[in-house]
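Before any comments, here is the structure.
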Amino acid sequence: MWAELRELRDDRDVGTPPRDGEPVTLTVDDQTVTVPAGSSVMLAAALAGRSIPKLCATDTLEPFGSCRVCLVEIDGRKGYPASCTTLVEPGMAVRTDTGKLQSLRRGVLELYLSDFPAGDIPDGWSEFHATLEQCGVSSHPYGDGASHLDSPVDLSNPYFLFDPAKCIVCSRCVRACEEIQGTFALTVDGRGFESRIVAGQDQPFFESECVSCGACVQACPSQALIEKSLFEGEYRHAESC
Amino acid sequence: MTAAVAKGAMGDNVLDIDRLLVMANQIGDFFEPYPPARRAEGIRNHLRTYWDPRMREALLEHIDQGGEGLRDFVIDGACLLRETDAGRKGYYGPPQA
Amino acid sequence: MPNPVKPDRSVITTCAYCGVGCGFKAETHQGRIVRMIPWKEGKANHGHSCVKGRFAFDYYQHPDRVRSPMIRNSIDEPWREVTWDEAFRHTASEFRRIQSQYGQKSIGAVSSSRCTNEEIFLVQKLARAVFGNNNIDNCARICHSPTQFGMSATVGWGAASQHFDSILQADVIMVVGANPTEGHPVFGSLMKRRIREGARLIVIDPRRTETVDSPHCRASVHLPLRPGTNVAVLDSIAHVVVRERLYNEAFVRERCEWEEFEGWMALVGDDRYAPERIGPEAGIDPDAIRQAARLYAGGPNSAIYYGLGVTEHSQGSTGVMCLGNLALACGMLGREGVGVNPLRGQGNVQGGSCLGSWPHVFSGYRFVTDPEVRGSFEQEWGVGLDGEPGLRLPNMFDAALTGHFRGMFIMGEDPVQSDPNQQHVIAAFRNMECVVLQDLFLNETSRYAHVFLPGSSSLEKEGTFTSAERRVNRVRKVVEPLAGYQDWEIVVKLMNAMGYPAHYDHAGQILDEIARLSPAYRGMSFELLERIGSAQWPCDEEAPEGTEVLHRQRFPRANGRGTFMLTEFVPTRERTNDCYPLLLTTGRILSQYNVGTQTRRTANSMWHPEDRLEIHAEDAHARGLADGDWVNVTSRFGSTRLRVKLSKRVNPGVVYTTFHHAQSKANTLTSDLSDWATNCPEYKVTAVDVTRVTAEPDRRTAEPARKLDEVLA
């Protein structure tokens, strides 16, 4: 676990925890890179200067593979594996930005956008916004369908709020509460479209086992979990246009 | 507090003598398992290193007046404080051999 | 638009709360602090944080904050706001007057863990070079002073032997008298990570704490011993190690004093320390003692983490020695994954220890009685220095009652709330003629003060903190000091007002002076810390970027070897009897910090709005108590009222409370008993009785002292 903590850097997020291990050499978009065995393809790509867009991956948490944004193509393999959950192998040749990958990513992000408050897209500065920009997505082709935009905001904790309208159910918060803090206060309840993040026994955060460490807030890429102190005045739920 | 104490006549003890006796005996309790020579030396070193000189003087004065309430080896250790043999390099640290 | 405000500036600094010393980025927007986010490269926290450092920073701009110096001639008068110059002049003349009237040793100073290393160093310089005596003490007196004593005796240095990350290599973790998930949360989380990977946990604590039992983290062995029986139980564990030959003979022969080891073996190996004898006395299963011993000795890497449950006892130093003895006997020192680690609770209490904020040593734990060391300080400071040990904080109060101690300078401490035997402390303060406080808010002690100097929070000053893992971290100024001066600047001005020409252009020069005068800090400087972020002492030519693990080759004692101290169990004088049949012990909770001066002024009080008395159902039913009832808790020393909480965490015969709220007055109950070596108060063992009362007490008297408008003239 040494490298997982001590190799972390403030100015970069390599996507999955750094590992200790024997060196493995591979190529990413024809760039040669050498990383310890046990590293993910995403990490190798980041170190090779070929950052792969991501949402549910971050280098302080074990990879989960739920968002389907970080897909890559690997020579000699079928399909489009998630680079966060795929481990490097010697001699692997990875492509991170083909036309097919771009269109797959656009499709996934447009789906996320269709259930996100549109009014918050301009001027946004979260990781979600950065990923949208990285992939050139700013709108979606879907009309007004079922969404979670009306979900009530949980303001019970004095320091941070949870706005499910902005939640993309990437489960980074759940993993942070388990792996980093060790309190296990959060889970994903339900499946598919119905899946949502709940605290405790589906309680407000303040009444659950949450100890307010802020690890989930730190992990959240879409600012669904966000410090109350960053808002001047009362938090207003945005309407989607 | 009574007026006499509030004025702080410099003659009386800096600390209440009962408190000093409790503290000295507690130190003695720790050193009890050691052989007599080391025990006395340990007590002497501790008092020398950690007690304000006025507290040490008050204790020695009490010993001169009979040392009531003090265990005998505590008295032995405290009396070593009076040995100012120049040839002997005083040890200032935590209890040691 | 509900998009959050985007911070425009970020300053890396260190949390001031507990001894973990988490690195944070303080983010501001147009000059106002909008959030604190954990710093990923913080070597203690690696991007994690807890509710206090992360969110509870708003106290720095609370309306109660004092922004102007105040003085008054007697504590019965209201406070008068004055200029800084007048405050310094008044303080200087009062202190000098007292000294000319009652002697040079009639004044003293106390610093605290709220002070940076630089400030602690300056306050001890104030006492030594300016007051001319060694009456300087710090808050560690009442918590970890036995650590310094006991660990110096056995291994040579009174500080954690490992860095926090070392726990990731431990196979067995023994937690004694500490509750890391509450008191050191970020470290507690690291410990839980390691336990989820398979490490085994032994907990020695009277309560079934959150550390013993939490999701995916359960202790393999829990010894819920009766408060006051630490040394007996630890010696009993040692007994098993000796009699079952579980010790590491090769390590002892190579690295320790063999003769002392034999003496120790004879003591703990004696039948009187057998688990079958000690178990019943301490209220625990003898088999559990044997299990704990075998698990610890078996390792291969066993690490000890301990806290105030070991030190705050009349045998506190002895208890620490027991831990040192055990670790040496089993060879659990000098590499990763092992060690003896005091969990120092406060942000800079380790700094206070290192930098000579003690009546008997200068910085670097070197004795004031040693002429060579004293000479080096006299040369640097340009004045002659007192060669005799001074008064410890509890003895300062004793001496105040006999009229020999009349003036005190206190920075960042609230002794009336945090020190034991409150009536005694209040009487002592009433007997003093000039009590000077440098702090952020009016507190319980300020009721008895004559000068109040408004200080700066850690967000408003430059300096360094030394954390529990010996790590020196940078504290950086994020906003300007609200009252006009950084804490260290105030101390310098006071020194000047008293006639000592100290001058520093910036705090880094103070660290340079510390480096010149303290061997373990020799390589420290602001420049080094800018470059590498932080460094653990010792930091010198041999280890220019600091030292992670101590004692790899030798122990810092005269002959380089560790030694064994004879740790006979001496029961405390505090005994239960018919009048006081229960034992009270105390502890901390996650959301509040110590006496709550800071955290009670934040939303953290939502989690812990009051201190409760935890009591076992059996004891509650015997007294006709239901959960939530008000009770009178009385001891030989005083009484107070608390609300009861029925709990399965305490055993029958033991009650427990926290000390975060002033109105709980937990310290009216605590005794005058203290550790034999250091006078660290025996907070953890107080005989009490608990009886039901019918009416809720009038709490209003506690508030006015802190509301500025009601106290100003």
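Identifiers for the structure tokens are assigned positionally: chains receive A, B, ... in sequence, residues are indexed from 1 per chain, and ligands are indexed from 1 in the order shown.
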Interface, chain C side, toward chain A (6 Å; only C-alpha atoms) as an mmCIF file with C-alpha atoms, in the first residue's frame:
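And here's result-v2.cif as it stands now:
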data_model
loop_
_atom_site.group_PDB
_atom_site.id
_atom_site.type_symbol
_atom_site.label_atom_id
_atom_site.label_comp_id
_atom_site.auth_asym_id
_atom_site.auth_seq_id
_atom_site.Cartn_x
_atom_site.Cartn_y
_atom_site.Cartn_z
ATOM 1 C CA PRO C 2 -26.087 27.618 -8.206
ATOM 2 C CA PRO C 4 -20.290 27.321 -6.472
ATOM 3 C CA VAL C 5 -17.850 30.198 -6.149
ATOM 4 C CA VAL C 34 -14.044 29.690 1.553
ATOM 5 C CA LYS C 40 -2.850 15.131 -1.440
ATOM 6 C CA GLU C 41 0.855 15.437 -0.774
ATOM 7 C CA SER C 49 -9.103 14.868 6.575
ATOM 8 C CA CYS C 50 -11.615 14.893 9.419
ATOM 9 C CA VAL C 51 -14.553 17.105 10.276
ATOM 10 C CA SER C 189 -8.612 5.559 9.120
#
- request: For each of C:Asp505, C:Asp398, C:Asp85, C:Asp611, take the minimum atom-to-atom distance to chain B, counting only C-alpha atoms, then give the residue where this is smallest.
  value: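 For chain B, the nearest of the candidates is C:Asp398.
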- request: Measuring atom to atom with only C-alpha atoms, identify which of B:Arg71, B:His62, B:Arg56, B:Arg82 is nearest to chain C.
  value: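 Using only C-alpha atoms, chain C sits closest to B:Arg56.
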- request: Show which residues sit within 10 Å of Tyr112 of chain A, as a list in words. Count only C-alpha atoms, and ignore same-chain residues fewer than 3 positions away.
  value: Cys67, Arg106, Gly107, Val108, Leu109, Asp115, Phe116, Phe128, His140, Lys166, Cys167, Ile168 and Val169 of chain A
message: Run DSSP on the backbone and tell me which residues of segment 396-436 of chain C come out as helix (DSSP H, G or I); list them as number ranges by chain.
response: C: 396-401, 415-418, 422-430
- request: Any chance you could list, as a list of chain:residue names, the residues in segment 7-92 of chain A that come up strand (DSSP E) when DSSP is run on the backbone?
  value: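 Result set for segment 7-92 of chain A (strand (DSSP E)): A:Pro23, A:Val24, A:Thr25, A:Leu26, A:Thr27, A:Val28, A:Gln31, A:Thr32, A:Val33, A:Thr34, A:Val35, A:Pro36, A:Glu73, A:Ile74.
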Keeping N, CA and C atoms for every residue in the selection just given, could you write it to a file as a JSON list (two decimals), in the first residue's frame?
[["chain", "number", "residue", "atom", "x", "y", "z"],
["A", 23, "PRO", "N", 8.90, -3.54, -13.29],
["A", 23, "PRO", "CA", 8.58, -2.65, -14.42],
["A", 23, "PRO", "C", 7.97, -3.41, -15.61],
["A", 24, "VAL", "N", 6.97, -2.78, -16.18],
["A", 24, "VAL", "CA", 6.31, -3.32, -17.37],
["A", 24, "VAL", "C", 6.34, -2.24, -18.45],
["A", 25, "THR", "N", 6.75, -2.61, -19.66],
["A", 25, "THR", "CA", 6.81, -1.61, -20.73],
["A", 25, "THR", "C", 5.73, -1.86, -21.76],
["A", 26, "LEU", "N", 5.04, -0.79, -22.16],
["A", 26, "LEU", "CA", 3.98, -0.90, -23.16],
["A", 26, "LEU", "C", 3.97, 0.38, -23.98],
["A", 27, "THR", "N", 3.12, 0.42, -24.99],
["A", 27, "THR", "CA", 3.00, 1.67, -25.75],
["A", 27, "THR", "C", 1.57, 2.16, -25.68],
["A", 28, "VAL", "N", 1.45, 3.46, -25.59],
["A", 28, "VAL", "CA", 0.15, 4.12, -25.58],
["A", 28, "VAL", "C", 0.17, 5.16, -26.69],
["A", 31, "GLN", "N", 3.51, 5.86, -27.94],
["A", 31, "GLN", "CA", 4.51, 6.34, -26.98],
["A", 31, "GLN", "C", 4.88, 5.19, -26.07],
["A", 32, "THR", "N", 6.19, 4.98, -25.88],
["A", 32, "THR", "CA", 6.60, 3.91, -24.97],
["A", 32, "THR", "C", 6.58, 4.43, -23.54],
["A", 33, "VAL", "N", 6.08, 3.60, -22.66],
["A", 33, "VAL", "CA", 6.07, 4.02, -21.25],
["A", 33, "VAL", "C", 6.30, 2.78, -20.38],
["A", 34, "THR", "N", 6.98, 2.97, -19.27],
["A", 34, "THR", "CA", 7.25, 1.85, -18.34],
["A", 34, "THR", "C", 6.64, 2.17, -16.98],
["A", 35, "VAL", "N", 5.82, 1.26, -16.48],
["A", 35, "VAL", "CA", 5.14, 1.47, -15.18],
["A", 35, "VAL", "C", 5.24, 0.18, -14.36],
["A", 36, "PRO", "N", 5.05, 0.24, -13.04],
["A", 36, "PRO", "CA", 5.11, -0.98, -12.22],
["A", 36, "PRO", "C", 3.98, -1.93, -12.58],
["A", 73, "GLU", "N", -8.88, 1.19, -26.95],
["A", 73, "GLU", "CA", -8.72, 0.04, -27.83],
["A", 73, "GLU", "C", -7.34, -0.56, -27.58],
["A", 74, "ILE", "N", -7.31, -1.88, -27.49],
["A", 74, "ILE", "CA", -6.02, -2.56, -27.26],
["A", 74, "ILE", "C", -5.78, -3.51, -28.42]]
Test item: chain C residues at most 6 Å from chain B, counting only C-alpha atoms, as a PyMOL selection string: chain C and resi 153+360+389-391+398-399+402-404+676
message: So that I can check the surroundings of segment 637-653 of chain C, please list as a count of residues only every protein, DNA and RNA residue that reaches within 8 Å of it, counting only C-alpha atoms and ignoring chain neighbours fewer than 4 positions away.
response: 37
field: Residues within 10 Å of Ile237 of chain C, only C-alpha atoms, excluding chain neighbours under 2 positions, as a list in words
entry: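 Here the qualifying residues turn out to be Val231, Ala232, Val233, Leu234, Asp235, His239, Val240, Val241, Val242, Val268, Gly269, Tyr273, Ala274, Pro275, Ile278, Pro286, Ala288, Ile289, Arg290, Gln291, Ala292, Ala293, Arg294, Tyr296, Ala297, Cys322 and Leu326 of chain C.
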Kindly export the residues of the current selection with C-alpha atoms, as a compact mmCIF listing (two decimals), in the first residue's frame.
# COMPACT_ATOMS: atom_id res chain seq x y z
CA VAL C 231 0.99 -1.15 35.07
CA ALA C 232 -0.33 -4.34 36.60
CA VAL C 233 -1.81 -5.50 33.31
CA LEU C 234 1.21 -4.50 31.22
CA ASP C 235 3.52 -6.24 33.68
CA HIS C 239 5.11 -11.92 32.66
CA VAL C 240 3.71 -14.13 29.91
CA VAL C 241 6.39 -12.96 27.49
CA VAL C 242 9.08 -13.87 30.00
CA VAL C 268 7.74 -9.28 35.95
CA GLY C 269 8.39 -13.00 35.91
CA TYR C 273 2.21 -10.72 37.99
CA ALA C 274 0.72 -13.94 36.67
CA PRO C 275 -2.44 -13.35 34.62
CA ILE C 278 -3.75 -9.79 37.86
CA PRO C 286 -6.59 -14.05 32.39
CA ALA C 288 -7.15 -12.62 27.26
CA ILE C 289 -3.93 -11.37 28.85
CA ARG C 290 -2.13 -14.45 27.61
CA GLN C 291 -3.61 -14.04 24.15
CA ALA C 292 -2.54 -10.43 23.98
CA ALA C 293 1.01 -11.30 25.02
CA ARG C 294 1.34 -14.11 22.51
CA TYR C 296 2.12 -9.08 20.41
CA ALA C 297 5.31 -11.06 20.86
CA CYS C 322 6.25 -0.78 30.58
CA LEU C 326 7.82 -4.72 26.14
task: For Val175 of chain C, please output as a list in words all residues within 7 Å (counting only C-alpha atoms; exclusion window: fewer than 4 positions along the same chain).
output: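 Once the adjacent positions are removed, what remains is Ile202, Val203, Ile204, Ile304, Tyr305 and Tyr306 of chain C.
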I need the residues from that last selection saved to file as a compact mmCIF listing (two decimals), in the first residue's frame (with N, CA and C atoms), if you can.
# COMPACT_ATOMS: atom_id res chain seq x y z
N ILE C 202 -5.09 -5.38 19.00
CA ILE C 202 -5.26 -5.59 20.45
C ILE C 202 -5.59 -4.22 21.02
N VAL C 203 -6.64 -4.14 21.83
CA VAL C 203 -6.96 -2.84 22.44
C VAL C 203 -7.01 -3.00 23.95
N ILE C 204 -6.27 -2.13 24.63
CA ILE C 204 -6.30 -2.13 26.09
C ILE C 204 -6.93 -0.81 26.51
N ILE C 304 3.04 -0.55 18.80
CA ILE C 304 2.25 -0.03 19.92
C ILE C 304 1.89 1.41 19.64
N TYR C 305 0.61 1.74 19.84
CA TYR C 305 0.15 3.12 19.76
C TYR C 305 -0.57 3.40 21.07
N TYR C 306 -0.17 4.46 21.74
CA TYR C 306 -0.80 4.71 23.03
C TYR C 306 -1.11 6.17 23.23
message: List the spatial neighbours of Gly228 of chain C as a ChimeraX atom specification - criterion: any atom at most 7 Å away, only C-alpha atoms, same-chain residues fewer than 4 positions off excluded.
response: /C:571-572,685
